[in-house]
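One structure below.
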Amino acid sequence: MAKEPVRVLVTGAAGQIGYALVPMIARGVMLGTDQPVILHMLDIPPAAEALNGVKMELVDAAFPLIKGVVATTDAVEACTGVNIAVMVGGFPRKEGMERKDVMSKNVSIYKAQASALEQHAAPNCKVLVVANPANTNALILKEFAPSIPAKNITCLTRLDHNRALGQISEKLNVQVSDVKNVIIWGNHSSSQYPDVNHATVNTAAGEKPVRELVKDDAWLNGEFITTVQQRGAAIIKARKLSSALSAASSACDHIRDWVLGTPEGTWVSMGVYSDGSYNVPAGLIYSFPVTCRNGEWTIVQGLSIDEFSRKKLDLTAEELSEEKALAYSCLS
Amino acid sequence: MAKEPVRVLVTGAAGQIGYALVPMIARGVMLGTDQPVILHMLDIPPAAEALNGVKMELVDAAFPLIKGDGVVATTDAVEACTGVNIAVMVGGFPRKEGMERKDVMSKNVSIYKAQASALEQHAAPNCKVLVVANPANTNALILKEFAPSIPAKNITCLTRLDHNRALGQISEKLNVQVSDVKNVIIWGNHSSSQYPDVNHATVNTAAGEKPVRELVKDDAWLNGEFITTVQQRGAAIIKARKLSSALSAASSACDHIRDWVLGTPEGTWVSMGVYSDGSYNVPAGLIYSFPVTCRNGEWTIVQGLSIDEFSRKKLDLTAEELSEEKALAYSCLS
C-alpha cells in the first residue's frame, strides 16, 4: 500500500538553492525513496516566471514520487496543508548594505511568513529556516507563530556540520562516512564553534577519537575551526555564487534525520530552541548536538565542555543575543 | 560486502547541468543508493576555479556514497578519462547570438574529436558514454567515429529528456500521475525535428492499461500541439528561466544511465539515442533515438512496432536532418 503524500514547502524556490533542492526532494533524498511528495514552491512576484520555469522542469523530469506541484507567489496558498517547510527565501545582503538593513528586511519577511504558516500549515508542521541570518530568522518566525510548537522551528547548521566532517575526512584521508559526531555550536555564522572533542573515526581497529588520529591540536583549535567558519566565503570566492548544492543537500539531511531518526550512536547538529542546556541562554535558536527519534529531536546531554570550548560557546551565544536585540529593535 | 566504486565522468562539470547532475550522482540516483562512486569532473581552464568550487561543495556535503579517490576535478582530459566506467559528456560550445549553425557545429566537432581520443585511450573497458551537449546526436556520432575501439553500442545520446517531457505532457493532459504513463517514443534527433510518438503509449488505470490515444480522445492535439510542445520545450524553458534546462536534463541523464545499467522495468521501454542498425528503415550509421529495452547492461531496439503513414514521414524527416548534420560535421573536419 503506497504511503500518503507529504506536502513539502520550499520558499525562495526560484533561486539557486531552491533549484538544487527541489530535484533532491523529488527523488526521495529528504523523506525516503518510498515517500510520495506534493511540492509547494513560493517566491516573490518578480520571480513568478522563473518559478513557473522550475515547475515546468519538474513536470518535464517525470519524477515518479511527485504527486503534485504548487507554484505560487501567494503565501497562503503556499503554506496550506504543508507538513514540512524549508524557508530558503530571504533578502540577500547586497554591497553597501549594513547589517541592520539586512536584518530589518528579513525580520519583516519572517514575521509575515510566521502568520501564513501558523494559520495554514498542517498541524505539527516541521520548519527548517535556511535563509540568513538563519538562527534569528527562525527566532522571529517562532515569536510570531506562537501556536507552532517551539520544538518544530529549527535552522540549518547541518551544512556546517557536514563541512566539518569533510575537513576531518580530508585531513585524515578517510571516507567521510567513517567520520561522525562533530558538533556545531551556536550561530550559523563565522562565530559558530566546530567542536571535534567528541568526534570519532571508524577505523579497522574500531572507533577512534579524531583528536587522537589527527595529532595536531594547533590545527584542530585553529585552522580547522576558521576553515569551517569561513567556508561559505571560500565557496563564494571560487564559484562567484554562494553554496547551493551543499546547502540543499544538507537541508535534506537535516529533515531526513529529524523525520526518520538518526542512526544508533550518531548525533547531528541542528539549530533548535534553547532550553538552557550547556548554560546556553534559553530562548535563542542555537545549534546543539541532537539525536532524533519518532520525529523529535533531543539535545545530547552530558558532553564535557573544556575551557577553550566554553569561551567559544559563550561567544556565539553573545552574538545571537545581540542579533535578537537588533531584530527586536527593527520591529519597534 | 560493499560494492566496488564505479568511476563516473562528467564533462562541462562547472556548468549548470553539471551542478545539478553531480549531487544526483552522489546520492545514487544514477546507479542506485548502494553503489559507491568516484566522481571525475572535467572542464576548460577558464572554469578551473569554479570547478574547484564544485569539488569543495561535494566535500562539504559529506556524501556517504562518494568513496575511494572521492572527487577528481581537473582541466586535463587524460586525467579526467582515466579508468572511467561511465562518461556523461555535458561540455560543449554553446550557441551564442550571431553564430551560424556551421560555427556551432565546427567548434563542437573539434571538441568531440579530441574527447574521443582521450576516452578511447584512457577509459575503462566497456565504458558507457552518454552525450548531452548539443548537437547531441551528431556530437555522439563524431565521438564514435574518432574512438573506433569503443563499441558503437556504448555511445549514446540523451533523448530521455524529451521522452520524460512527453510523459509529463500526457500526464497533465489526462490529469494522471506521470508514473502511470509509459511507452511514449522519441524518434530521431534531439532537436525540434524529433518525433514524439504516442501510438504505443499507455496509461495505467483502475481498469488496466489503456492506450493514450483512446483516453485523450483528441487526435488533433496529439498530432499537433502535443508534438510541437515537446519539440520546442527547451525554448519554452529558456523563455521562463532565462537559462536552459539543467534540473530536468540532469535528472533525465540519470534515468538514461540507470535504466541502461540496471535494466528497464518489465513491459516498459524508454528512448535513447543509439547507433542505428537500419531498424525501422532508419539509415544505418546515424545516432538516432529509438524505443529500447535494457537488460544486463545492454540496450535493444524494440522491434515490430507499427508505423503509420503520419509517423513514417516524421521518422524520415528527422533522419534527413541527422544526415545533413552528419555531412556538415564531416565538412567541418576536412
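Within each chain, counting starts at residue 1; across the C-alpha cells, chains are named A, B, ... in the order shown, with ligands numbered 1 upward in that order.
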Exercise for the section: May I have the residues of chain A within 7 Å of chain B, counting only C-alpha atoms, written as a list in words? Expected result: Ala20, Pro23, Glu49, Ala50, Asn52, Gly53, Glu57, Leu58, Val59, Asp60, Ala61, Ala62, Pro64, Lys67, Leu159, Asn162, Arg163, Leu165, Gly166, Gln175, Val176, Ser177, Ile235, Ala238, Arg239, Leu245, Ser246, Ser249 and Ser250 of chain A
Practice task
Go through segment 193-308 of chain A and collect every residue that DSSP, computed from the backbone, puts in strand (DSSP E or B); the answer should be as a count of residues only.
Solution key: 30
Practice task
Could you give me, as a PyMOL selection string, the residues within 9 Å of Pro146 of chain A, counting only C-alpha atoms and dropping anything in the same chain fewer than 5 positions from it?
Solution key: chain A and resi 114+118+141
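Summary of the local environment: counting only C-alpha atoms, residues at most 9 Å from Tyr330 of chain B, other than itself and those fewer than 5 positions away along its chain, are Val109, Ile142 and Glu325 of chain B.
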Fill in the blank from the handout: Pairwise distance, atom CA of Ile109 of chain A with atom CA of Tyr286 of chain A, equals 20.6 Å
